[in-house]
Amino acid sequence: MTESPALAIRDLRVSFGNGGNGGNGANGGDGGDIVRAVDGVTIDVRPGEIVAVVGESGSGKSVTSMSTLGLLPRTAEVSGSIQVGGVDVTTLDAGRLRAIRGAEVAMVFQEPMTALNPAFTVGWQVAEALRLHIEDMSKKQAYDRAAELLAMVGIRDARRRLDQFPHELSGGLRQRVMIAMAIACEPKVLIADEATTALDVTVQAEILDLLRDLRTRFGMAMLVITHNMGVVADIADRVVVMYQGKVVEQATVEDLFARPRADYTKKLLTSVPRLAPGQRRARTRAREQGEAPALALDNLVVEFRGKGGGTNRAVDEVSLTIGRGEVLGLVGESGSGKSTVGRTAIGLIKPASGAVRLLGEPLTGAKGRDLRRLRRRCSIVFQDPASSLDPRMTVGDCIAEPMVINKVGDRGDRDDRVAALLRSVKLDPAVRSRYPHELSGGQRQRIGIARAIALDPELIIADEPTSALDVSVQAAVLDLFLELQDRLGFACLFITHDLAVVGLVADRVAVMNSGRLVEEGPRDQVLFDPRQDYTRRLVAAAPVPDPAAQRERRAQRLSL
C-alpha cells in the first residue's frame with residue numbers, strides 16, 4: 001500500500017505516577033513511583049484497513065486506544081505523536097480535541113450500558129452526536145438522521161427505538177446504538193475497544209459483519225482492540241501483539257497465525273481454546289446402585305413480572321439431569337434462560353412450576369434447616385468475581401465465609417482450610433490478608449473458585465466463569481477447574497456462550513433458545529453433528545483462531 005495512514009502512532013509512550021506532582025504521572029504509584037503503561041508503540045492503520053491489537057490485560061492495548069482520542073487522565077504523561085489525517089492529536093487543546101472526536105476519530109467502547117447515558121433516550125444520544133458537529137442541523141433533521149443510522153446498523157423498527165432508553169434494549173442492540181453514534185459523522189478512524197467481549201457468539205458474529213460492511217461502505221480505518229483470537233482471525237487484515245506496554249510483533253493475520261515469531265505470540269496462540277472433537281474424555285463417575293443424580297430439573301418454568309402486570313416466561317418447561325461427577329455445558333444466546341436455570345437450580349430464584357432435586361432431595365419447597373443443608377452441598381461461581389466478592393472483606397474472610405455461616409470448625413481450623421484452599425487454586429496463602437481490588441481479574445476468579453469449593457460441594461454452578469478473562473488467564477483458570485474437578489469429583493452445570501470452552505470442559509452439552517431446551521446430548525454429537533438448525537447456527541457463529549478456516553465458517557454461517 002502506498003496510501004498515507006489514516007491513523008499513524010509513532011513512538012507512543014504513556015506513563016502514570018501518583019498524581020500528586022502536577023500531572024507528571026498517574027495512578028497508583030507510592031511516593032511518586034512511575035509506571036510506564038505504553039513504551040515506544042508505533043502502529044499505522046490505512047484507510048479501509050482493519051488492524052487488531054491483541055495482548056493480555058495490562059499490555060497497554062486500551063491505554064493506546066484512549067490516547068488516540070485524548071481520553072487519558074490529566075496525570076498521564078504522553079510523548080510521541082498520534083496523527084489522524086495528518087494532524088497530531090497530542091498537540092491539540094481541549095476544544096480542538098472535542099471537535100475531532102466523533103468527526104475524525106470515534107470509539108466503540110466495551111460496555112455500552114456504561115457508555116450510554118441511562119437518563120436519555122437512544123434517539124437523543126445519537127442526535128446529540130450529530131448536532132455537536134453539524135451546526136446548522138435542526139433537531140428534526142438530527143432525529144431523522146438518527147433513525148437512518150439505527151437502520152443502517154441493522155436495528156429494526158428504528159423510529160420506535162429512538163424513544164427507548166438503553167436499559168430497554170438487549171446487549172447486542174445497545175452495541176449497535178454505540179456503533180451508530182460512532183459512525184454518525186463518518187469519521188476517518190473507528191476504534192473498537194473490546195466491542196464484542198460480553199456478547200454471545202451469534203450477536204458477536206452480527207457485529208463483526210456490521211464492522212466489515214462499514215469498512216466497505218465508508219472506507220474507514222479500524223483499530224480493533226480484543227483478546228479474542230477468533231475475532232482477530234475473522235476480521236483483521238493485520239495484527240499488532242503487545243506485551244507489557246511494548247509491541248512484540250506485527251504481521252498480516254495469515255502470517256501471525258501460521259508463522260508467529262515472538263515467543264509471547266506463540267504462548268498466546270497456544271492458550272486459545274479450540275473447538276475440536278475428543279478434547280475431553282468422559283469423567284462421569286459410575287453411579288452406584290440407587291444413587292440419585294447430582295441435579296434433576298423436571299418441567300422447570302420460571303416467570304418474571306413484566307410491564308403492565310403481565311409475565312415473561314424466561315424458562316419454559318426445561319428438564320435435564322446432571323450425573324454425579326459429570327460436567328454439563330449449558331449454551332445459548334443472551335436471553336435464552338441459561339443463567340436463570342443455573343440460579344433456579346441452586347435456589348436463588350423460585351420457579352413458577354416444575355421441580356428441582358439436588359442430590360436426590362427436593363429443593364423446591366425446602367425451607368429453614370432443610371434448605372440450608374441442601375445449599376451447603378452445592379455452590380456457585382459467578383461471572384464477575386469483582387462484584388461477587390465483598391470489597392470490605394479480606395480474601396481470607398471471603399473464602400472462609402461459607403464455613404462461618406455453616407459453623408464449620410473453629411477459627412484456627414478455618415485459617416488452615418483457607419491456606420489449603422489458596423494453595424489448591426495455585427495462589428500464595430499470603431494473599432489472604434489482601435482485599436479483592438488488590439488482585440488481578442484472574443486471581444479474583446481463583447478466589448471465587450476457592451470459596452466455591454470451601455465446603456467440598458457435590459454440585460457447582462459455574463455461570464460464565466471465564467468470559468471476562470483474557471486468553472492466557474482463561475487458559476490457566478480452565479486448567480485449574482479441570483484439575484479440581486478431576487480431583488474432587490464434583491458435578492457441574494457450566495454455563496457459557498463460548499463453545500470452545502464447552503468443548504474443553506463438558507461431558508454433555510445442552511442448548512437453550514428462548515427459554516426452551518432445544519437439544520441435548522454428548523459433547524461431540526451436539527458440537528460436531530448437531531440435529532437442530534438453531535444449534536447449527538450457533539456452532540457456525542463461533543469464530544475459530546484460524547483465518548482460512550474462519551472464512552469457510554463465515555460462508556457456512558451466512559448460508560444457513
# chains A, B, ... in the order shown; residues from 1 in each chain; ligands from 1
call {"tool": "residues_around", "arguments": {"residues": "Pro273 (chain A)", "least_positions_apart": "3", "cutoff": "10 Å", "atoms": "only C-alpha atoms", "output": "PDB file with C-alpha atoms, in the first residue's frame"}}
result
ATOM      1  CA  MET A 229      -8.154 -14.567  18.763  1.00  0.00           C
ATOM      2  CA  GLY A 230     -11.179 -15.957  16.916  1.00  0.00           C
ATOM      3  CA  LEU A 269      -1.929 -18.700  20.441  1.00  0.00           C
ATOM      4  CA  THR A 270      -1.257 -21.879  22.415  1.00  0.00           C
ATOM      5  CA  ALA A 276     -12.190 -29.920  18.265  1.00  0.00           C
ATOM      6  CA  VAL A 471      -6.950 -15.861  26.791  1.00  0.00           C
ATOM      7  CA  SER A 472      -3.840 -16.672  28.832  1.00  0.00           C
ATOM      8  CA  GLN A 474      -8.689 -18.031  30.845  1.00  0.00           C
ATOM      9  CA  ALA A 475      -6.489 -20.999  29.954  1.00  0.00           C
ATOM     10  CA  LEU A 478      -9.808 -23.647  32.896  1.00  0.00           C
ATOM     11  CA  ASP A 498     -18.003 -19.876  24.412  1.00  0.00           C
ATOM     12  CA  LEU A 499     -18.375 -23.161  22.548  1.00  0.00           C
ATOM     13  CA  ALA A 500     -14.614 -23.839  22.540  1.00  0.00           C
ATOM     14  CA  VAL A 501     -14.650 -23.704  26.342  1.00  0.00           C
ATOM     15  CA  VAL A 502     -17.630 -26.079  26.402  1.00  0.00           C
ATOM     16  CA  GLY A 503     -15.712 -28.484  24.173  1.00  0.00           C
ATOM     17  CA  LEU A 504     -12.829 -28.390  26.626  1.00  0.00           C
ATOM     18  CA  VAL A 544     -12.063 -20.095  15.279  1.00  0.00           C
ATOM     19  CA  PRO A 545      -8.439 -18.885  15.615  1.00  0.00           C
TER      20      PRO A 545
END
call {"tool": "closest_atom_pairs", "arguments": {"of": "region 11-119 of chain A", "to": "region 132-141 of chain A", "cutoff": "10 Å", "atoms": "only C-alpha atoms", "output": "JSON lines"}}
result
{"residue": "A:Arg98", "atom": "CA", "partner": "A:Leu132", "partner_atom": "CA", "distance": 9.3}
{"residue": "A:Ala99", "atom": "CA", "partner": "A:His133", "partner_atom": "CA", "distance": 7.1}
{"residue": "A:Ile100", "atom": "CA", "partner": "A:His133", "partner_atom": "CA", "distance": 8.8}
{"residue": "A:Arg101", "atom": "CA", "partner": "A:His133", "partner_atom": "CA", "distance": 9.3}
{"residue": "A:Gly102", "atom": "CA", "partner": "A:His133", "partner_atom": "CA", "distance": 8.0}
{"residue": "A:Ala103", "atom": "CA", "partner": "A:His133", "partner_atom": "CA", "distance": 6.8}
call {"tool": "closest_residue", "arguments": {"among": "A:Val539, A:Ala52, A:Ile349, A:Ala180", "to": "Met107 (chain A)", "atoms": "only C-alpha atoms"}}
result
A:Ala180
call {"tool": "residues_around", "arguments": {"residues": "Asn117 (chain A)", "least_positions_apart": "6", "cutoff": "12 Å", "atoms": "only C-alpha atoms", "output": "list in words"}}
result
Glu111, Gly123, Trp124, Gln125, Val126, Glu128, Gln164, Phe165, Pro166, His167, Arg174, Val177 and Met178 of chain A
call {"tool": "write_last_selection", "arguments": {"atoms": "C-alpha atoms", "output": "CSV table (one decimal), in the first residue's frame"}}
result
chain,number,residue,atom,x,y,z
A,111,GLU,CA,-19.6,-2.0,27.7
A,123,GLY,CA,-32.6,8.9,19.8
A,124,TRP,CA,-31.5,11.9,21.9
A,125,GLN,CA,-28.0,10.5,22.3
A,126,VAL,CA,-27.5,9.7,18.6
A,128,GLU,CA,-26.6,14.8,20.1
A,164,GLN,CA,-36.4,3.9,24.1
A,165,PHE,CA,-33.9,4.1,26.9
A,166,PRO,CA,-30.7,2.0,26.9
A,167,HIS,CA,-31.9,-0.4,29.6
A,174,ARG,CA,-27.0,-1.3,22.7
A,177,VAL,CA,-26.5,2.0,19.1
A,178,MET,CA,-22.9,2.7,20.1
call {"tool": "residues_around", "arguments": {"residues": "region 205-208 of chain A", "least_positions_apart": "6", "cutoff": "12 Å", "atoms": "only C-alpha atoms", "output": "VMD selection string"}}
result
chain A and resid 50 108 153 to 155 171 to 180 192 194 to 199 214 to 215 222 224 230 to 236 333 537 to 544 550 553 to 555 557 to 558
call {"tool": "residues_around", "arguments": {"residues": "Leu320 (chain A)", "least_positions_apart": "2", "cutoff": "12 Å", "atoms": "only C-alpha atoms", "output": "compact mmCIF listing (two decimals) with N, CA and C atoms, in the first residue's frame"}}
result
# COMPACT_ATOMS: atom_id res chain seq x y z
N PRO A 293 -29.09 -38.58 40.71
CA PRO A 293 -28.21 -37.61 40.03
C PRO A 293 -27.92 -36.41 40.92
N ALA A 294 -26.84 -35.69 40.58
CA ALA A 294 -26.49 -34.50 41.35
C ALA A 294 -27.56 -33.43 41.23
N LEU A 295 -28.11 -33.28 40.02
CA LEU A 295 -29.14 -32.27 39.77
C LEU A 295 -30.17 -32.85 38.82
N ALA A 296 -31.44 -32.67 39.13
CA ALA A 296 -32.52 -33.09 38.24
C ALA A 296 -33.56 -31.98 38.18
N LEU A 297 -33.81 -31.48 36.97
CA LEU A 297 -34.84 -30.48 36.74
C LEU A 297 -35.98 -31.15 35.98
N ASP A 298 -37.21 -30.96 36.46
CA ASP A 298 -38.36 -31.61 35.84
C ASP A 298 -39.39 -30.56 35.46
N ASN A 299 -39.53 -30.32 34.15
CA ASN A 299 -40.51 -29.35 33.61
C ASN A 299 -40.43 -28.01 34.33
N LEU A 300 -39.23 -27.48 34.45
CA LEU A 300 -39.00 -26.24 35.18
C LEU A 300 -39.54 -25.04 34.41
N GLU A 317 -40.53 -25.02 30.70
CA GLU A 317 -40.62 -26.48 30.80
C GLU A 317 -39.30 -27.16 30.44
N VAL A 318 -38.24 -26.79 31.15
CA VAL A 318 -36.92 -27.37 30.94
C VAL A 318 -36.74 -28.56 31.86
N ILE A 322 -27.98 -33.96 35.68
CA ILE A 322 -26.51 -34.00 35.71
C ILE A 322 -26.11 -35.12 36.66
N GLY A 323 -25.35 -36.09 36.15
CA GLY A 323 -24.93 -37.20 36.97
C GLY A 323 -23.85 -36.80 37.96
N LEU A 328 -21.99 -30.75 32.73
CA LEU A 328 -22.94 -30.45 31.65
C LEU A 328 -22.74 -29.01 31.22
N GLY A 329 -22.41 -28.79 29.96
CA GLY A 329 -22.28 -27.44 29.43
C GLY A 329 -23.63 -26.95 28.94
N LEU A 330 -24.04 -25.77 29.42
CA LEU A 330 -25.31 -25.17 29.02
C LEU A 330 -25.02 -23.94 28.19
N VAL A 341 -31.75 -20.66 34.65
CA VAL A 341 -31.76 -22.09 35.01
C VAL A 341 -30.75 -22.35 36.12
N GLY A 342 -29.52 -21.81 35.98
CA GLY A 342 -28.49 -22.04 36.98
C GLY A 342 -28.86 -21.49 38.34
N ALA A 345 -31.60 -23.58 39.87
CA ALA A 345 -31.12 -24.90 40.29
C ALA A 345 -30.49 -24.88 41.67
N GLY A 354 -42.87 -26.82 38.24
CA GLY A 354 -41.81 -27.78 38.00
C GLY A 354 -41.07 -28.09 39.28
N ALA A 355 -40.09 -28.99 39.17
CA ALA A 355 -39.38 -29.44 40.37
C ALA A 355 -37.88 -29.40 40.17
N VAL A 356 -37.16 -29.10 41.25
CA VAL A 356 -35.70 -29.15 41.29
C VAL A 356 -35.31 -30.13 42.39
N ARG A 357 -34.49 -31.11 42.02
CA ARG A 357 -33.99 -32.07 43.02
C ARG A 357 -32.48 -32.00 43.04
N LEU A 493 -22.75 -27.70 36.51
CA LEU A 493 -23.51 -27.07 35.41
C LEU A 493 -22.68 -25.89 34.96
N ARG A 508 -21.32 -33.56 28.55
CA ARG A 508 -22.51 -33.43 27.73
C ARG A 508 -22.82 -31.95 27.53
N VAL A 509 -23.63 -31.63 26.51
CA VAL A 509 -23.99 -30.25 26.19
C VAL A 509 -25.49 -30.14 26.03
N ALA A 510 -26.07 -29.10 26.62
CA ALA A 510 -27.49 -28.78 26.42
C ALA A 510 -27.58 -27.39 25.81
N VAL A 511 -28.49 -27.21 24.88
CA VAL A 511 -28.62 -25.96 24.13
C VAL A 511 -29.99 -25.35 24.42
N MET A 512 -30.00 -24.05 24.79
CA MET A 512 -31.25 -23.36 25.07
C MET A 512 -31.48 -22.24 24.06
N ARG A 516 -36.36 -22.37 26.10
CA ARG A 516 -36.64 -23.80 25.93
C ARG A 516 -35.34 -24.57 25.64
N LEU A 517 -35.33 -25.82 26.04
CA LEU A 517 -34.22 -26.71 25.75
C LEU A 517 -34.46 -27.29 24.36
N VAL A 518 -33.55 -26.99 23.41
CA VAL A 518 -33.78 -27.42 22.03
C VAL A 518 -32.94 -28.62 21.63
N GLU A 519 -31.85 -28.88 22.35
CA GLU A 519 -31.02 -30.03 22.02
C GLU A 519 -30.17 -30.39 23.23
N GLU A 520 -29.92 -31.70 23.38
CA GLU A 520 -29.10 -32.18 24.49
C GLU A 520 -28.46 -33.49 24.08
N GLY A 521 -27.19 -33.67 24.45
CA GLY A 521 -26.55 -34.92 24.11
C GLY A 521 -25.08 -34.90 24.44
call {"tool": "residues_around", "arguments": {"residues": "Leu422 (chain A)", "least_positions_apart": "5", "cutoff": "10 Å", "atoms": "only C-alpha atoms", "output": "PyMOL selection string"}}
result
chain A and resi 395-396+399+417+427-432+446-447+449-451
call {"tool": "write_last_selection", "arguments": {"atoms": "N, CA and C atoms", "output": "mmCIF file, in the first residue's frame"}}
result
data_model
loop_
_atom_site.group_PDB
_atom_site.id
_atom_site.type_symbol
_atom_site.label_atom_id
_atom_site.label_comp_id
_atom_site.auth_asym_id
_atom_site.auth_seq_id
_atom_site.Cartn_x
_atom_site.Cartn_y
_atom_site.Cartn_z
ATOM 1 N N VAL A 395 -9.446 -11.291 51.413
ATOM 2 C CA VAL A 395 -9.550 -12.531 50.647
ATOM 3 C C VAL A 395 -9.799 -13.716 51.580
ATOM 4 N N GLY A 396 -9.072 -13.753 52.697
ATOM 5 C CA GLY A 396 -9.243 -14.846 53.642
ATOM 6 C C GLY A 396 -10.652 -14.917 54.201
ATOM 7 N N ILE A 399 -13.176 -16.253 51.546
ATOM 8 C CA ILE A 399 -13.129 -17.705 51.367
ATOM 9 C C ILE A 399 -13.708 -18.424 52.587
ATOM 10 N N ARG A 417 -7.799 -24.186 56.686
ATOM 11 C CA ARG A 417 -8.541 -24.561 55.484
ATOM 12 C C ARG A 417 -8.391 -23.493 54.403
ATOM 13 N N LEU A 427 -2.500 -20.185 44.468
ATOM 14 C CA LEU A 427 -2.199 -18.862 44.999
ATOM 15 C C LEU A 427 -1.430 -18.996 46.307
ATOM 16 N N ASP A 428 -0.587 -18.020 46.572
ATOM 17 C CA ASP A 428 0.179 -17.989 47.815
ATOM 18 C C ASP A 428 -0.777 -17.695 48.980
ATOM 19 N N PRO A 429 -0.759 -18.496 50.034
ATOM 20 C CA PRO A 429 -1.629 -18.219 51.191
ATOM 21 C C PRO A 429 -1.465 -16.814 51.760
ATOM 22 N N ALA A 430 -0.345 -16.152 51.457
ATOM 23 C CA ALA A 430 -0.134 -14.794 51.965
ATOM 24 C C ALA A 430 -1.157 -13.802 51.424
ATOM 25 N N VAL A 431 -1.826 -14.119 50.291
ATOM 26 C CA VAL A 431 -2.798 -13.167 49.722
ATOM 27 C C VAL A 431 -4.064 -13.089 50.570
ATOM 28 N N ARG A 432 -4.186 -13.962 51.591
ATOM 29 C CA ARG A 432 -5.407 -13.950 52.410
ATOM 30 C C ARG A 432 -5.630 -12.611 53.103
ATOM 31 N N ARG A 446 -9.910 -17.037 40.768
ATOM 32 C CA ARG A 446 -9.394 -18.161 41.554
ATOM 33 C C ARG A 446 -9.922 -18.104 42.988
ATOM 34 N N ILE A 447 -10.028 -16.895 43.520
ATOM 35 C CA ILE A 447 -10.603 -16.732 44.875
ATOM 36 C C ILE A 447 -12.056 -17.195 44.862
ATOM 37 N N ILE A 449 -13.386 -19.432 42.957
ATOM 38 C CA ILE A 449 -13.391 -20.894 42.892
ATOM 39 C C ILE A 449 -13.034 -21.492 44.253
ATOM 40 N N ALA A 450 -12.031 -20.892 44.921
ATOM 41 C CA ALA A 450 -11.647 -21.384 46.251
ATOM 42 C C ALA A 450 -12.827 -21.295 47.210
ATOM 43 N N ARG A 451 -13.558 -20.198 47.163
ATOM 44 C CA ARG A 451 -14.734 -20.047 48.029
ATOM 45 C C ARG A 451 -15.792 -21.093 47.680
#
call {"tool": "residues_around", "arguments": {"residues": "Gly48 (chain A)", "least_positions_apart": "5", "cutoff": "12 Å", "atoms": "only C-alpha atoms", "output": "number ranges by chain"}}
result
A: 1, 3-7, 187-190, 211-223, 236-238
call {"tool": "write_last_selection", "arguments": {"atoms": "C-alpha atoms", "output": "PDB file, in the first residue's frame"}}
result
ATOM      1  CA  MET A   1       0.000   0.000   0.000  1.00  0.00           C
ATOM      2  CA  GLU A   3      -1.698   5.398   0.634  1.00  0.00           C
ATOM      3  CA  SER A   4      -0.909   7.570   3.677  1.00  0.00           C
ATOM      4  CA  PRO A   5      -2.118   6.175   7.015  1.00  0.00           C
ATOM      5  CA  ALA A   6      -5.439   7.431   8.345  1.00  0.00           C
ATOM      6  CA  LEU A   7      -4.009   6.778  11.821  1.00  0.00           C
ATOM      7  CA  PRO A 187     -15.081   9.530  10.870  1.00  0.00           C
ATOM      8  CA  LYS A 188     -11.875   8.532   9.111  1.00  0.00           C
ATOM      9  CA  VAL A 189     -10.860   6.260  12.002  1.00  0.00           C
ATOM     10  CA  LEU A 190     -13.023   3.944  14.101  1.00  0.00           C
ATOM     11  CA  LEU A 211     -17.969  -3.640  11.062  1.00  0.00           C
ATOM     12  CA  ARG A 212     -16.862  -5.273   7.807  1.00  0.00           C
ATOM     13  CA  ASP A 213     -19.801  -3.673   5.987  1.00  0.00           C
ATOM     14  CA  LEU A 214     -18.976  -0.228   7.417  1.00  0.00           C
ATOM     15  CA  ARG A 215     -15.359  -0.607   6.323  1.00  0.00           C
ATOM     16  CA  THR A 216     -16.525  -1.376   2.779  1.00  0.00           C
ATOM     17  CA  ARG A 217     -19.169   1.354   2.738  1.00  0.00           C
ATOM     18  CA  PHE A 218     -17.160   4.240   4.200  1.00  0.00           C
ATOM     19  CA  GLY A 219     -13.549   3.137   3.733  1.00  0.00           C
ATOM     20  CA  MET A 220     -12.877   3.677   7.431  1.00  0.00           C
ATOM     21  CA  ALA A 221      -9.608   2.699   9.039  1.00  0.00           C
ATOM     22  CA  MET A 222     -10.366   0.494  12.053  1.00  0.00           C
ATOM     23  CA  LEU A 223      -8.294  -0.285  15.123  1.00  0.00           C
ATOM     24  CA  ALA A 236      -8.350  -8.355  10.910  1.00  0.00           C
ATOM     25  CA  ASP A 237      -6.065  -7.593   7.966  1.00  0.00           C
ATOM     26  CA  ARG A 238      -3.028  -7.091  10.204  1.00  0.00           C
TER      27      ARG A 238
END
call {"tool": "select_by_dssp", "arguments": {"residues": "region 304-498 of chain A", "states": "alpha helix (DSSP H)", "output": "number ranges by chain"}}
result
A: 338-345, 368-376, 385-388, 395-405, 411-424, 441-452, 471-488
call {"tool": "write_last_selection", "arguments": {"atoms": "C-alpha atoms", "output": "mmCIF file, in the first residue's frame"}}
result
data_model
loop_
_atom_site.group_PDB
_atom_site.id
_atom_site.type_symbol
_atom_site.label_atom_id
_atom_site.label_comp_id
_atom_site.auth_asym_id
_atom_site.auth_seq_id
_atom_site.Cartn_x
_atom_site.Cartn_y
_atom_site.Cartn_z
ATOM 1 C CA LYS A 338 -29.169 -20.170 30.792
ATOM 2 C CA SER A 339 -28.304 -18.139 33.892
ATOM 3 C CA THR A 340 -31.907 -18.281 35.132
ATOM 4 C CA VAL A 341 -31.762 -22.087 35.013
ATOM 5 C CA GLY A 342 -28.493 -22.035 36.975
ATOM 6 C CA ARG A 343 -29.769 -19.703 39.662
ATOM 7 C CA THR A 344 -33.032 -21.611 39.997
ATOM 8 C CA ALA A 345 -31.122 -24.898 40.293
ATOM 9 C CA GLY A 368 -35.195 -23.466 57.001
ATOM 10 C CA ARG A 369 -32.780 -26.144 58.144
ATOM 11 C CA ASP A 370 -33.505 -28.441 55.176
ATOM 12 C CA LEU A 371 -32.794 -25.649 52.681
ATOM 13 C CA ARG A 372 -29.539 -24.685 54.425
ATOM 14 C CA ARG A 373 -28.436 -28.318 54.499
ATOM 15 C CA LEU A 374 -29.040 -28.715 50.764
ATOM 16 C CA ARG A 375 -27.340 -25.439 49.890
ATOM 17 C CA ARG A 376 -24.296 -26.487 51.866
ATOM 18 C CA PRO A 385 -15.712 -12.005 40.831
ATOM 19 C CA ALA A 386 -15.160 -8.270 41.366
ATOM 20 C CA SER A 387 -18.868 -7.834 42.074
ATOM 21 C CA SER A 388 -19.437 -11.176 43.845
ATOM 22 C CA VAL A 395 -9.550 -12.531 50.647
ATOM 23 C CA GLY A 396 -9.243 -14.846 53.642
ATOM 24 C CA ASP A 397 -12.580 -13.729 55.076
ATOM 25 C CA CYS A 398 -14.286 -14.090 51.666
ATOM 26 C CA ILE A 399 -13.129 -17.705 51.367
ATOM 27 C CA ALA A 400 -13.928 -18.518 54.994
ATOM 28 C CA GLU A 401 -17.428 -17.003 54.870
ATOM 29 C CA PRO A 402 -19.236 -20.243 53.840
ATOM 30 C CA MET A 403 -17.530 -22.043 56.747
ATOM 31 C CA VAL A 404 -18.515 -19.290 59.177
ATOM 32 C CA ILE A 405 -22.147 -19.327 58.018
ATOM 33 C CA ARG A 411 -11.115 -20.031 63.737
ATOM 34 C CA GLY A 412 -7.858 -21.982 63.667
ATOM 35 C CA ASP A 413 -9.415 -24.773 61.591
ATOM 36 C CA ARG A 414 -10.836 -22.234 59.163
ATOM 37 C CA ASP A 415 -7.496 -20.436 58.826
ATOM 38 C CA ASP A 416 -5.798 -23.745 57.981
ATOM 39 C CA ARG A 417 -8.541 -24.561 55.484
ATOM 40 C CA VAL A 418 -8.239 -21.129 53.801
ATOM 41 C CA ALA A 419 -4.491 -21.625 53.370
ATOM 42 C CA ALA A 420 -5.065 -25.078 51.869
ATOM 43 C CA LEU A 421 -7.742 -23.741 49.524
ATOM 44 C CA LEU A 422 -5.472 -20.935 48.320
ATOM 45 C CA ARG A 423 -2.740 -23.447 47.562
ATOM 46 C CA SER A 424 -5.261 -25.639 45.716
ATOM 47 C CA GLY A 441 -9.131 -10.491 37.418
ATOM 48 C CA GLY A 442 -7.672 -13.974 37.096
ATOM 49 C CA GLN A 443 -6.630 -14.024 40.748
ATOM 50 C CA ARG A 444 -10.097 -12.865 41.833
ATOM 51 C CA GLN A 445 -11.694 -15.654 39.806
ATOM 52 C CA ARG A 446 -9.394 -18.161 41.554
ATOM 53 C CA ILE A 447 -10.603 -16.732 44.875
ATOM 54 C CA GLY A 448 -14.193 -17.266 43.692
ATOM 55 C CA ILE A 449 -13.391 -20.894 42.892
ATOM 56 C CA ALA A 450 -11.647 -21.384 46.251
ATOM 57 C CA ARG A 451 -14.734 -20.047 48.029
ATOM 58 C CA ALA A 452 -16.977 -22.312 45.936
ATOM 59 C CA VAL A 471 -6.950 -15.861 26.791
ATOM 60 C CA SER A 472 -3.840 -16.672 28.832
ATOM 61 C CA VAL A 473 -5.647 -16.142 32.167
ATOM 62 C CA GLN A 474 -8.689 -18.031 30.845
ATOM 63 C CA ALA A 475 -6.489 -20.999 29.954
ATOM 64 C CA ALA A 476 -4.967 -21.050 33.444
ATOM 65 C CA VAL A 477 -8.410 -20.869 35.126
ATOM 66 C CA LEU A 478 -9.808 -23.647 32.896
ATOM 67 C CA ASP A 479 -6.799 -25.874 33.628
ATOM 68 C CA LEU A 480 -7.373 -25.244 37.329
ATOM 69 C CA PHE A 481 -11.088 -26.048 37.021
ATOM 70 C CA LEU A 482 -10.402 -29.340 35.227
ATOM 71 C CA GLU A 483 -7.736 -30.324 37.763
ATOM 72 C CA LEU A 484 -10.048 -29.609 40.714
ATOM 73 C CA GLN A 485 -13.000 -31.360 39.092
ATOM 74 C CA ASP A 486 -10.904 -34.471 38.422
ATOM 75 C CA ARG A 487 -9.516 -34.493 41.956
ATOM 76 C CA LEU A 488 -12.647 -33.560 43.910
#
call {"tool": "atom_distance", "arguments": {"atom1": "CA of Met152 (chain A)", "atom2": "CA of Gln204 (chain A)"}}
result
17.1 Å
call {"tool": "atom_distance", "arguments": {"atom1": "CA of Gly337 (chain A)", "atom2": "CA of Gly360 (chain A)"}}
result
23.8 Å
